[in-house]
file run.cif (mmCIF, C-alpha atoms and all ligand atoms)
data_coords
#
loop_
_atom_site.group_PDB
_atom_site.id
_atom_site.type_symbol
_atom_site.label_atom_id
_atom_site.label_comp_id
_atom_site.auth_asym_id
_atom_site.auth_seq_id
_atom_site.Cartn_x
_atom_site.Cartn_y
_atom_site.Cartn_z
ATOM 1 C CA MET M 1 -28.534 -79.348 84.757
ATOM 2 C CA ARG M 2 -25.273 -81.066 85.562
ATOM 3 C CA LEU M 3 -23.254 -83.998 84.299
ATOM 4 C CA ILE M 4 -21.375 -86.190 86.787
ATOM 5 C CA PHE M 5 -18.713 -88.645 85.644
ATOM 6 C CA LEU M 6 -19.054 -91.823 87.733
ATOM 7 C CA GLY M 7 -15.846 -92.965 86.087
ATOM 8 C CA THR M 8 -13.623 -91.896 83.227
ATOM 9 C CA GLY M 9 -11.798 -95.117 82.439
ATOM 10 C CA SER M 10 -11.775 -97.478 79.517
ATOM 11 C CA ALA M 11 -13.163 -101.008 79.623
ATOM 12 C CA PHE M 12 -9.810 -102.033 81.171
ATOM 13 C CA THR M 13 -9.856 -100.001 84.369
ATOM 14 C CA ILE M 14 -9.334 -102.825 86.865
ATOM 15 C CA ASN M 15 -7.433 -101.743 89.982
ATOM 16 C CA SER M 16 -6.618 -98.385 88.474
ATOM 17 C CA GLY M 17 -8.717 -96.421 90.983
ATOM 18 C CA ASN M 18 -11.123 -95.479 88.245
ATOM 19 C CA TYR M 19 -14.399 -96.857 86.924
ATOM 20 C CA HIS M 20 -15.998 -97.312 83.540
ATOM 21 C CA SER M 21 -17.015 -94.152 81.711
ATOM 22 C CA ASN M 22 -20.620 -93.982 82.850
ATOM 23 C CA MET M 23 -22.245 -90.639 83.631
ATOM 24 C CA LEU M 24 -25.210 -89.222 85.445
ATOM 25 C CA LEU M 25 -27.116 -86.348 83.888
ATOM 26 C CA VAL M 26 -29.022 -84.631 86.691
ATOM 27 C CA ASP M 27 -31.738 -82.077 85.995
ATOM 28 C CA ASP M 28 -32.841 -79.174 88.162
ATOM 29 C CA ASN M 29 -35.469 -81.387 89.850
ATOM 30 C CA ASP M 30 -32.742 -83.882 90.803
ATOM 31 C CA SER M 31 -34.039 -86.453 88.321
ATOM 32 C CA LYS M 32 -31.174 -88.602 87.037
ATOM 33 C CA LEU M 33 -30.416 -90.166 83.676
ATOM 34 C CA LEU M 34 -27.690 -92.805 83.894
ATOM 35 C CA ILE M 35 -25.749 -92.616 80.636
ATOM 36 C CA ASP M 36 -24.499 -96.171 80.200
ATOM 37 C CA CYS M 37 -24.627 -98.824 82.881
ATOM 38 C CA GLY M 38 -21.405 -100.807 82.748
ATOM 39 C CA SER M 39 -20.409 -103.664 84.975
ATOM 40 C CA ASP M 40 -18.781 -101.142 87.349
ATOM 41 C CA ALA M 41 -21.972 -99.115 87.819
ATOM 42 C CA ARG M 42 -23.004 -100.579 91.171
ATOM 43 C CA LEU M 43 -19.563 -99.689 92.559
ATOM 44 C CA SER M 44 -19.231 -96.266 90.980
ATOM 45 C CA LEU M 45 -22.740 -95.300 92.116
ATOM 46 C CA ALA M 46 -21.984 -96.572 95.632
ATOM 47 C CA GLU M 47 -18.901 -94.377 95.774
ATOM 48 C CA LEU M 48 -21.210 -91.368 95.408
ATOM 49 C CA GLY M 49 -23.645 -92.743 97.981
ATOM 50 C CA MET M 50 -26.172 -94.029 95.430
ATOM 51 C CA ASN M 51 -27.601 -97.372 94.398
ATOM 52 C CA TYR M 52 -30.177 -98.867 92.038
ATOM 53 C CA LYS M 53 -32.985 -97.044 93.857
ATOM 54 C CA ASP M 54 -31.612 -93.757 92.561
ATOM 55 C CA ILE M 55 -31.739 -94.871 88.923
ATOM 56 C CA HIS M 56 -35.130 -94.457 87.275
ATOM 57 C CA HIS M 57 -33.796 -93.643 83.803
ATOM 58 C CA VAL M 58 -30.946 -95.260 81.885
ATOM 59 C CA TYR M 59 -29.596 -94.709 78.378
ATOM 60 C CA ILE M 60 -27.409 -97.341 76.695
ATOM 61 C CA SER M 61 -25.068 -96.257 73.891
ATOM 62 C CA HIS M 62 -23.925 -99.722 72.760
ATOM 63 C CA LEU M 63 -23.478 -103.257 74.030
ATOM 64 C CA HIS M 64 -19.906 -103.494 75.324
ATOM 65 C CA ALA M 65 -19.832 -104.555 78.966
ATOM 66 C CA ASP M 66 -18.383 -101.252 80.181
ATOM 67 C CA HIS M 67 -21.600 -99.656 78.864
ATOM 68 C CA ALA M 68 -24.304 -102.309 79.222
ATOM 69 C CA GLY M 69 -22.825 -104.951 81.555
ATOM 70 C CA GLY M 70 -24.552 -103.518 84.650
ATOM 71 C CA LEU M 71 -28.073 -103.810 83.254
ATOM 72 C CA GLU M 72 -28.628 -107.284 84.708
ATOM 73 C CA TRP M 73 -27.787 -105.891 88.134
ATOM 74 C CA LEU M 74 -30.067 -102.868 87.644
ATOM 75 C CA GLY M 75 -32.899 -104.973 86.230
ATOM 76 C CA PHE M 76 -32.803 -107.662 88.880
ATOM 77 C CA THR M 77 -32.331 -105.381 91.887
ATOM 78 C CA SER M 78 -35.228 -103.185 90.778
ATOM 79 C CA TYR M 79 -37.440 -106.160 89.913
ATOM 80 C CA PHE M 80 -36.975 -107.890 93.243
ATOM 81 C CA ASP M 81 -37.440 -104.716 95.287
ATOM 82 C CA PRO M 82 -41.183 -104.229 95.778
ATOM 83 C CA THR M 83 -40.634 -100.525 96.481
ATOM 84 C CA CYS M 84 -39.129 -100.009 93.010
ATOM 85 C CA SER M 85 -40.855 -99.386 89.718
ATOM 86 C CA GLN M 86 -39.368 -100.431 86.391
ATOM 87 C CA PRO M 87 -36.443 -98.241 85.338
ATOM 88 C CA ASN M 88 -37.026 -96.415 82.044
ATOM 89 C CA LEU M 89 -34.598 -97.741 79.442
ATOM 90 C CA TYR M 90 -33.794 -95.557 76.423
ATOM 91 C CA ILE M 91 -32.043 -97.324 73.552
ATOM 92 C CA HIS M 92 -31.710 -96.922 69.814
ATOM 93 C CA HIS M 93 -34.251 -99.255 68.233
ATOM 94 C CA SER M 94 -31.535 -101.289 66.493
ATOM 95 C CA LEU M 95 -30.114 -102.345 69.882
ATOM 96 C CA GLU M 96 -33.311 -103.721 71.409
ATOM 97 C CA THR M 97 -33.118 -107.282 70.077
ATOM 98 C CA PRO M 98 -29.340 -107.792 70.454
ATOM 99 C CA LEU M 99 -29.420 -106.270 73.946
ATOM 100 C CA TRP M 100 -31.863 -108.927 75.049
ATOM 101 C CA GLU M 101 -30.806 -111.882 72.917
ATOM 102 C CA LYS M 102 -27.013 -111.422 73.071
ATOM 103 C CA VAL M 103 -26.394 -109.623 76.364
ATOM 104 C CA LEU M 104 -29.145 -110.139 78.937
ATOM 105 C CA SER M 105 -31.269 -113.157 78.130
ATOM 106 C CA GLY M 106 -28.793 -115.768 79.378
ATOM 107 C CA GLY M 107 -29.133 -114.587 82.948
ATOM 108 C CA MET M 108 -32.525 -112.923 82.912
ATOM 109 C CA THR M 109 -34.903 -115.076 80.846
ATOM 110 C CA SER M 110 -35.758 -117.532 83.593
ATOM 111 C CA LEU M 111 -37.595 -116.455 86.696
ATOM 112 C CA GLN M 112 -39.040 -118.899 89.192
ATOM 113 C CA GLY M 113 -42.177 -120.119 87.447
ATOM 114 C CA SER M 114 -42.079 -117.764 84.457
ATOM 115 C CA ILE M 115 -40.259 -116.658 81.347
ATOM 116 C CA ALA M 116 -39.149 -113.045 81.281
ATOM 117 C CA ASN M 117 -38.248 -110.593 78.538
ATOM 118 C CA LEU M 118 -36.781 -107.104 78.368
ATOM 119 C CA ASN M 119 -40.155 -105.543 79.189
ATOM 120 C CA THR M 120 -40.353 -107.606 82.382
ATOM 121 C CA TYR M 121 -37.563 -105.519 83.863
ATOM 122 C CA PHE M 122 -37.564 -102.209 82.035
ATOM 123 C CA LYS M 123 -39.996 -99.697 80.613
ATOM 124 C CA VAL M 124 -38.416 -99.639 77.183
ATOM 125 C CA HIS M 125 -38.322 -96.458 75.097
ATOM 126 C CA LEU M 126 -37.073 -97.183 71.596
ATOM 127 C CA ILE M 127 -35.308 -94.309 69.897
ATOM 128 C CA LYS M 128 -36.193 -93.911 66.246
ATOM 129 C CA GLU M 129 -33.751 -93.250 63.427
ATOM 130 C CA ASN M 130 -32.793 -89.585 63.193
ATOM 131 C CA GLU M 131 -35.322 -88.557 65.811
ATOM 132 C CA PRO M 132 -34.633 -87.113 69.241
ATOM 133 C CA PHE M 133 -35.980 -88.651 72.398
ATOM 134 C CA LYS M 134 -37.296 -86.951 75.488
ATOM 135 C CA TRP M 135 -36.060 -87.455 79.016
ATOM 136 C CA ASN M 136 -38.206 -85.272 81.259
ATOM 137 C CA LYS M 137 -38.104 -81.883 79.517
ATOM 138 C CA LEU M 138 -34.781 -82.408 77.777
ATOM 139 C CA SER M 139 -34.561 -83.415 74.132
ATOM 140 C CA LEU M 140 -31.581 -85.624 73.267
ATOM 141 C CA GLN M 141 -30.470 -86.672 69.810
ATOM 142 C CA THR M 142 -28.435 -89.787 69.177
ATOM 143 C CA VAL M 143 -25.415 -89.551 66.871
ATOM 144 C CA GLN M 144 -24.221 -92.796 65.361
ATOM 145 C CA THR M 145 -20.471 -93.098 65.760
ATOM 146 C CA MET M 146 -17.999 -95.378 64.035
ATOM 147 C CA HIS M 147 -16.921 -97.691 66.863
ATOM 148 C CA VAL M 148 -15.934 -101.086 65.401
ATOM 149 C CA MET M 149 -15.545 -102.384 61.849
ATOM 150 C CA ASN M 150 -15.951 -106.139 62.318
ATOM 151 C CA GLY M 151 -14.711 -107.247 58.964
ATOM 152 C CA PHE M 152 -17.061 -105.539 56.554
ATOM 153 C CA ARG M 153 -19.713 -104.065 58.811
ATOM 154 C CA ILE M 154 -19.789 -101.083 61.158
ATOM 155 C CA VAL M 155 -20.835 -101.790 64.728
ATOM 156 C CA PRO M 156 -21.742 -98.324 65.942
ATOM 157 C CA SER M 157 -22.136 -96.663 69.254
ATOM 158 C CA PHE M 158 -24.752 -93.949 69.713
ATOM 159 C CA GLY M 159 -23.370 -90.720 71.102
ATOM 160 C CA LEU M 160 -25.586 -87.933 72.385
ATOM 161 C CA ILE M 161 -26.096 -84.277 71.626
ATOM 162 C CA PHE M 162 -28.369 -82.001 73.601
ATOM 163 C CA THR M 163 -28.732 -78.411 74.664
ATOM 164 C CA ALA M 164 -28.791 -77.916 78.429
ATOM 165 C CA ASN M 165 -29.578 -74.382 79.603
ATOM 166 C CA ASP M 166 -28.172 -72.928 76.360
ATOM 167 C CA THR M 167 -25.014 -75.062 76.520
ATOM 168 C CA LYS M 168 -24.644 -77.325 73.491
ATOM 169 C CA VAL M 169 -23.207 -80.650 74.625
ATOM 170 C CA PHE M 170 -21.786 -83.502 72.546
ATOM 171 C CA ILE M 171 -20.874 -86.804 74.223
ATOM 172 C CA THR M 172 -19.230 -89.068 71.678
ATOM 173 C CA THR M 173 -19.461 -92.306 73.667
ATOM 174 C CA ASP M 174 -17.132 -94.887 72.100
ATOM 175 C CA THR M 175 -15.820 -93.930 68.682
ATOM 176 C CA GLN M 176 -12.846 -94.264 66.419
ATOM 177 C CA PHE M 177 -11.219 -91.080 65.215
ATOM 178 C CA ALA M 178 -13.713 -89.995 62.575
ATOM 179 C CA PRO M 179 -13.566 -86.212 62.313
ATOM 180 C CA THR M 180 -15.017 -86.126 58.817
ATOM 181 C CA GLN M 181 -18.131 -87.991 59.898
ATOM 182 C CA ILE M 182 -18.799 -86.064 63.090
ATOM 183 C CA CYS M 183 -17.276 -82.672 62.245
ATOM 184 C CA ASP M 184 -20.689 -80.981 62.160
ATOM 185 C CA PHE M 185 -21.275 -81.928 65.791
ATOM 186 C CA TYR M 186 -17.762 -80.875 66.800
ATOM 187 C CA GLU M 187 -18.509 -77.493 65.215
ATOM 188 C CA TRP M 188 -21.985 -77.242 66.745
ATOM 189 C CA ALA M 189 -21.061 -78.068 70.321
ATOM 190 C CA ASP M 190 -19.933 -75.673 73.032
ATOM 191 C CA ILE M 191 -18.453 -78.549 74.979
ATOM 192 C CA ILE M 192 -17.358 -81.955 73.702
ATOM 193 C CA PHE M 193 -16.748 -85.075 75.769
ATOM 194 C CA GLN M 194 -14.514 -87.234 73.604
ATOM 195 C CA ASP M 195 -13.516 -90.894 73.853
ATOM 196 C CA CYS M 196 -9.706 -90.921 74.076
ATOM 197 C CA GLU M 197 -7.475 -93.985 74.193
ATOM 198 C CA THR M 198 -4.087 -93.449 75.790
ATOM 199 C CA THR M 199 -2.559 -96.911 75.662
ATOM 200 C CA LYS M 200 0.594 -97.607 73.672
ATOM 201 C CA ALA M 201 -1.146 -100.685 72.224
ATOM 202 C CA PRO M 202 -4.146 -99.155 70.404
ATOM 203 C CA SER M 203 -7.287 -101.238 70.044
ATOM 204 C CA GLY M 204 -8.245 -99.550 66.804
ATOM 205 C CA VAL M 205 -11.809 -98.915 68.005
ATOM 206 C CA HIS M 206 -11.205 -95.697 69.962
ATOM 207 C CA ALA M 207 -9.775 -92.331 69.015
ATOM 208 C CA SER M 208 -6.185 -92.126 70.183
ATOM 209 C CA TYR M 209 -4.626 -89.094 71.844
ATOM 210 C CA ALA M 210 -2.200 -88.735 68.936
ATOM 211 C CA GLU M 211 -5.080 -88.666 66.464
ATOM 212 C CA LEU M 212 -7.028 -86.117 68.469
ATOM 213 C CA LEU M 213 -3.980 -83.865 68.525
ATOM 214 C CA THR M 214 -4.490 -83.351 64.781
ATOM 215 C CA LEU M 215 -7.852 -81.629 65.314
ATOM 216 C CA SER M 216 -8.001 -77.857 64.916
ATOM 217 C CA PRO M 217 -7.154 -75.682 67.930
ATOM 218 C CA GLU M 218 -10.767 -74.438 67.966
ATOM 219 C CA ILE M 219 -12.133 -77.967 68.371
ATOM 220 C CA ARG M 220 -9.508 -79.009 70.915
ATOM 221 C CA ALA M 221 -10.284 -75.917 72.987
ATOM 222 C CA LYS M 222 -13.774 -77.192 73.763
ATOM 223 C CA MET M 223 -12.899 -80.856 74.135
ATOM 224 C CA TRP M 224 -12.720 -82.844 77.381
ATOM 225 C CA LEU M 225 -11.141 -86.286 77.094
ATOM 226 C CA TYR M 226 -12.425 -89.395 78.857
ATOM 227 C CA HIS M 227 -12.559 -93.220 78.477
ATOM 228 C CA TYR M 228 -8.776 -93.324 78.838
ATOM 229 C CA ASN M 229 -6.502 -96.153 79.915
ATOM 230 C CA PRO M 230 -4.798 -96.694 83.280
ATOM 231 C CA GLY M 231 -1.348 -95.153 83.605
ATOM 232 C CA ASP M 232 0.296 -91.831 82.962
ATOM 233 C CA LEU M 233 -1.547 -89.245 80.893
ATOM 234 C CA PRO M 234 -0.142 -86.601 78.578
ATOM 235 C CA ASP M 235 -0.485 -82.910 79.432
ATOM 236 C CA ALA M 236 -3.758 -82.327 77.604
ATOM 237 C CA LYS M 237 -4.103 -78.702 78.673
ATOM 238 C CA ALA M 238 -0.658 -77.890 77.291
ATOM 239 C CA ASP M 239 -1.799 -79.495 74.037
ATOM 240 C CA GLY M 240 -4.817 -77.220 73.798
ATOM 241 C CA PHE M 241 -7.547 -79.529 75.115
ATOM 242 C CA ARG M 242 -9.746 -78.634 78.065
ATOM 243 C CA GLY M 243 -8.173 -81.570 79.866
ATOM 244 C CA PHE M 244 -8.797 -85.128 80.968
ATOM 245 C CA VAL M 245 -12.016 -85.540 82.950
ATOM 246 C CA VAL M 246 -11.364 -87.058 86.383
ATOM 247 C CA LYS M 247 -13.571 -89.533 88.198
ATOM 248 C CA GLY M 248 -16.341 -87.703 90.048
ATOM 249 C CA GLN M 249 -15.920 -84.484 88.084
ATOM 250 C CA VAL M 250 -19.100 -82.444 87.751
ATOM 251 C CA PHE M 251 -19.989 -80.131 84.861
ATOM 252 C CA ASN M 252 -22.692 -77.554 85.461
ATOM 253 C CA PHE M 253 -24.555 -76.294 82.410
ATOM 254 C CA GLY M 254 -26.129 -72.878 82.509
HETATM 255 ZN ZN ZN M 301 -16.261 -98.325 76.296
HETATM 256 ZN ZN ZN M 302 -17.262 -99.880 73.226
#
call {"tool": "encode", "arguments": {"input": "run.cif", "output": "structure tokens", "more": "lines below"}}
Ligand SMILES: [Zn+2]
Ligand SMILES: [Zn+2]
result
Amino acid sequence: MRLIFLGTGSAFTINSGNYHSNMLLVDDNDSKLLIDCGSDARLSLAELGMNYKDIHHVYISHLHADHAGGLEWLGFTSYFDPTCSQPNLYIHHSLETPLWEKVLSGGMTSLQGSIANLNTYFKVHLIKENEPFKWNKLSLQTVQTMHVMNGFRIVPSFGLIFTANDTKVFITTDTQFAPTQICDFYEWADIIFQDCETTKAPSGVHASYAELLTLSPEIRAKMWLYHYNPGDLPDAKADGFRGFVVKGQVFNFG
């Protein structure tokens, strides 16, 4: 089992030589789970010699365009290629309706002579509350993270935890600094992939490098940082982290 970072950038990666923070989880049979399909996905996949034909499984953590903005491309290219079957789409059940009604339906509802819906393009697997989902033989559990507070309501992302060949992995996806809420998963994991904002003008919806520096040395020692901004990066290794993930970096588990 290995995890490949197609990109490690934030939503604002334009012309920085990086791509959105989408990943490919590849099992020992070379089956691939695309973890988030942002609007850069067709380019980041192409850079590794892949295209929509290689993507039969996709997981979406939340609805920002750097995570879901490539789904129209994936849906349409697969639909109009007679050699392709529907990609399997794994999403938390609470995202199903807004994904279609607020993200995809504008471009994808109307086909020549028919009206389409999400099931026209994808084989949809809804993830239940507090229950893991299966991708091939692997069991993955979603972890709701605190991404945006839009006034009085939390708009979450859904991170992932799973055990791959005895390695316990936690991918935060997008999250504010919320160590109290996700400390159990920080403790549990052998390796943590953590959203880390490095801009001097913080958005407020991502954990900043300065905030992450306040975590214990034990947590920092198993933490890889990604989803960072263009520009210079601090010396994460000197600060006790595993480092910043670089585009194309591969992590082998087991
Ligand atoms: Zn993002
Ligand atoms: Zn986001």
call {"tool": "closest_residue", "arguments": {"input": "run.cif", "among": "M:Leu233, M:Ala41, M:Ala65, M:Leu71", "to": "Val246 in chain M", "atoms": "only C-alpha atoms"}}
result
M:Leu233
call {"tool": "closest_residue", "arguments": {"input": "run.cif", "among": "M:Tyr209, M:Phe76, M:Tyr121, M:Phe251", "to": "Gln176 in chain M", "atoms": "all atoms listed in the file"}}
result
M:Tyr209
call {"tool": "residues_near_ligand", "arguments": {"input": "run.cif", "ligand": "ligand ZN 301 (chain M)", "cutoff": "6 Å", "atoms": "only C-alpha atoms and all ligand atoms", "output": "PyMOL selection string"}}
result
chain M and resi 10-11+66+174
call {"tool": "residues_near_ligand", "arguments": {"input": "run.cif", "ligand": "ligand ZN 302 (chain M)", "cutoff": "12 Å", "atoms": "all atoms listed in the file", "output": "PyMOL selection string"}}
result
chain M and resi 9-12+20-22+36+38+60-69+145-149+155-159+172-176+195-197+203-207+227
call {"tool": "write_last_selection", "arguments": {"input": "run.cif", "atoms": "C-alpha atoms", "output": "PDB file, in the coordinates of the input"}}
result
ATOM      1  CA  GLY M   9     -11.798 -95.117  82.439  1.00  0.00           C
ATOM      2  CA  SER M  10     -11.775 -97.478  79.517  1.00  0.00           C
ATOM      3  CA  ALA M  11     -13.163-101.008  79.623  1.00  0.00           C
ATOM      4  CA  PHE M  12      -9.810-102.033  81.171  1.00  0.00           C
ATOM      5  CA  HIS M  20     -15.998 -97.312  83.540  1.00  0.00           C
ATOM      6  CA  SER M  21     -17.015 -94.152  81.711  1.00  0.00           C
ATOM      7  CA  ASN M  22     -20.620 -93.982  82.850  1.00  0.00           C
ATOM      8  CA  ASP M  36     -24.499 -96.171  80.200  1.00  0.00           C
ATOM      9  CA  GLY M  38     -21.405-100.807  82.748  1.00  0.00           C
ATOM     10  CA  ILE M  60     -27.409 -97.341  76.695  1.00  0.00           C
ATOM     11  CA  SER M  61     -25.068 -96.257  73.891  1.00  0.00           C
ATOM     12  CA  HIS M  62     -23.925 -99.722  72.760  1.00  0.00           C
ATOM     13  CA  LEU M  63     -23.478-103.257  74.030  1.00  0.00           C
ATOM     14  CA  HIS M  64     -19.906-103.494  75.324  1.00  0.00           C
ATOM     15  CA  ALA M  65     -19.832-104.555  78.966  1.00  0.00           C
ATOM     16  CA  ASP M  66     -18.383-101.252  80.181  1.00  0.00           C
ATOM     17  CA  HIS M  67     -21.600 -99.656  78.864  1.00  0.00           C
ATOM     18  CA  ALA M  68     -24.304-102.309  79.222  1.00  0.00           C
ATOM     19  CA  GLY M  69     -22.825-104.951  81.555  1.00  0.00           C
ATOM     20  CA  THR M 145     -20.471 -93.098  65.760  1.00  0.00           C
ATOM     21  CA  MET M 146     -17.999 -95.378  64.035  1.00  0.00           C
ATOM     22  CA  HIS M 147     -16.921 -97.691  66.863  1.00  0.00           C
ATOM     23  CA  VAL M 148     -15.934-101.086  65.401  1.00  0.00           C
ATOM     24  CA  MET M 149     -15.545-102.384  61.849  1.00  0.00           C
ATOM     25  CA  VAL M 155     -20.835-101.790  64.728  1.00  0.00           C
ATOM     26  CA  PRO M 156     -21.742 -98.324  65.942  1.00  0.00           C
ATOM     27  CA  SER M 157     -22.136 -96.663  69.254  1.00  0.00           C
ATOM     28  CA  PHE M 158     -24.752 -93.949  69.713  1.00  0.00           C
ATOM     29  CA  GLY M 159     -23.370 -90.720  71.102  1.00  0.00           C
ATOM     30  CA  THR M 172     -19.230 -89.068  71.678  1.00  0.00           C
ATOM     31  CA  THR M 173     -19.461 -92.306  73.667  1.00  0.00           C
ATOM     32  CA  ASP M 174     -17.132 -94.887  72.100  1.00  0.00           C
ATOM     33  CA  THR M 175     -15.820 -93.930  68.682  1.00  0.00           C
ATOM     34  CA  GLN M 176     -12.846 -94.264  66.419  1.00  0.00           C
ATOM     35  CA  ASP M 195     -13.516 -90.894  73.853  1.00  0.00           C
ATOM     36  CA  CYS M 196      -9.706 -90.921  74.076  1.00  0.00           C
ATOM     37  CA  GLU M 197      -7.475 -93.985  74.193  1.00  0.00           C
ATOM     38  CA  SER M 203      -7.287-101.238  70.044  1.00  0.00           C
ATOM     39  CA  GLY M 204      -8.245 -99.550  66.804  1.00  0.00           C
ATOM     40  CA  VAL M 205     -11.809 -98.915  68.005  1.00  0.00           C
ATOM     41  CA  HIS M 206     -11.205 -95.697  69.962  1.00  0.00           C
ATOM     42  CA  ALA M 207      -9.775 -92.331  69.015  1.00  0.00           C
ATOM     43  CA  HIS M 227     -12.559 -93.220  78.477  1.00  0.00           C
TER      44      HIS M 227
END
call {"tool": "resolve_selection", "arguments": {"input": "run.cif", "expression": "the PyMOL selection byres (((chain M and resi 23) around 6) and not hetatm)", "output": "list in words"}}
result
Ile4, Phe5, Leu6, Asn22, Leu24, Leu34 and Ile35 of chain M
call {"tool": "resolve_selection", "arguments": {"input": "run.cif", "expression": "the PyMOL selection byres (((chain M and resi 50-52) around 9) and not hetatm)", "output": "count of residues only"}}
result
18
call {"tool": "residues_around", "arguments": {"input": "run.cif", "residues": "range 135-137 of chain M", "least_positions_apart": "5", "cutoff": "9 Å", "atoms": "all atoms listed in the file", "output": "number ranges by chain"}}
result
M: 27, 31, 33, 57, 90
call {"tool": "closest_residue", "arguments": {"input": "run.cif", "among": "M:Ser114, M:Cys183, M:Tyr19, M:Ser139", "to": "Tyr228 in chain M", "atoms": "all atoms listed in the file"}}
result
M:Tyr19
call {"tool": "atom_distance", "arguments": {"input": "run.cif", "atom1": "CA of Ala164 in chain M", "atom2": "CA of Met1 in chain M"}}
result
6.5 Å
call {"tool": "atom_distance", "arguments": {"input": "run.cif", "atom1": "CA of Lys128 in chain M", "atom2": "CA of His93 in chain M"}}
result
6.0 Å
call {"tool": "axis_aligned_box", "arguments": {"input": "run.cif", "around": "range 199-218 of chain M", "padding_each_side": "4 Å", "output": "JSON"}}
result
{"center_x": -5.6, "center_y": -87.8, "center_z": 70.2, "size_x": 20.4, "size_y": 34.8, "size_z": 18.9}
call {"tool": "resolve_selection", "arguments": {"input": "run.cif", "expression": "the PyMOL selection byres (((chain M and resi 130) around 9) and not hetatm)", "output": "PyMOL selection string"}}
result
chain M and resi 127-129+131-132+141-143
call {"tool": "closest_residue", "arguments": {"input": "run.cif", "among": "M:Leu118, M:Tyr226, M:Cys84, M:Ile154", "to": "Gly248 in chain M", "atoms": "all atoms listed in the file"}}
result
M:Tyr226
call {"tool": "atom_distance", "arguments": {"input": "run.cif", "atom1": "CA of Val245 in chain M", "atom2": "CA of Leu99 in chain M"}}
result
28.5 Å
call {"tool": "residues_near_point", "arguments": {"input": "run.cif", "point": "(-22.3, -77.3, 74.6)", "cutoff": "8 Å", "atoms": "all atoms listed in the file", "output": "ChimeraX atom specification"}}
result
/M:162-164,166-170,188-192
call {"tool": "residues_around", "arguments": {"input": "run.cif", "residues": "Pro234 in chain M", "least_positions_apart": "6", "cutoff": "10 Å", "atoms": "only C-alpha atoms", "output": "VMD selection string"}}
result
chain M and resid 198 209 243 to 244
call {"tool": "residues_around", "arguments": {"input": "run.cif", "residues": "Arg2 in chain M", "least_positions_apart": "4", "cutoff": "7 Å", "atoms": "only C-alpha atoms", "output": "PyMOL selection string"}}
result
chain M and resi 25-27+250-253
call {"tool": "residues_near_point", "arguments": {"input": "run.cif", "point": "(-9.6, -79.5, 79.6)", "cutoff": "8 Å", "atoms": "only C-alpha atoms", "output": "list in words"}}
result
Ala221, Lys222, Met223, Trp224, Leu225, Ala236, Lys237, Gly240, Phe241, Arg242, Gly243, Phe244 and Val245 of chain M
call {"tool": "closest_residue", "arguments": {"input": "run.cif", "among": "M:Ser16, M:Gln249, M:Thr83, M:Thr214", "to": "Asp232 in chain M", "atoms": "all atoms listed in the file"}}
result
M:Ser16
call {"tool": "closest_residue", "arguments": {"input": "run.cif", "among": "M:Ser208, M:Tyr79, M:Asn15, M:Ile161", "to": "Asp184 in chain M", "atoms": "only C-alpha atoms"}}
result
M:Ile161
call {"tool": "decode", "arguments": {"input": "run.cif", "residues": "range 109-125 of chain M", "atoms": "C-alpha atoms", "output": "short mmCIF file (atom, residue, chain, number, x, y, z; two decimals), in the first residue's frame"}}
result
data_model
loop_
_atom_site.label_atom_id
_atom_site.label_comp_id
_atom_site.auth_asym_id
_atom_site.auth_seq_id
_atom_site.Cartn_x
_atom_site.Cartn_y
_atom_site.Cartn_z
CA THR M 109 -27.73 18.16 -15.29
CA SER M 110 -28.41 18.55 -18.99
CA LEU M 111 -27.36 15.92 -21.47
CA GLN M 112 -28.52 15.89 -25.07
CA GLY M 113 -32.07 14.58 -24.79
CA SER M 114 -32.04 13.73 -21.08
CA ILE M 115 -31.77 14.99 -17.54
CA ALA M 116 -28.90 13.59 -15.50
CA ASN M 117 -28.19 13.24 -11.80
CA LEU M 118 -25.23 12.21 -9.67
CA ASN M 119 -25.96 8.52 -10.27
CA THR M 120 -25.78 9.08 -14.03
CA TYR M 121 -22.04 9.63 -13.73
CA PHE M 122 -20.92 7.90 -10.57
CA LYS M 123 -21.59 4.74 -8.61
CA VAL M 124 -22.26 6.52 -5.35
CA HIS M 125 -21.28 4.99 -2.01
#
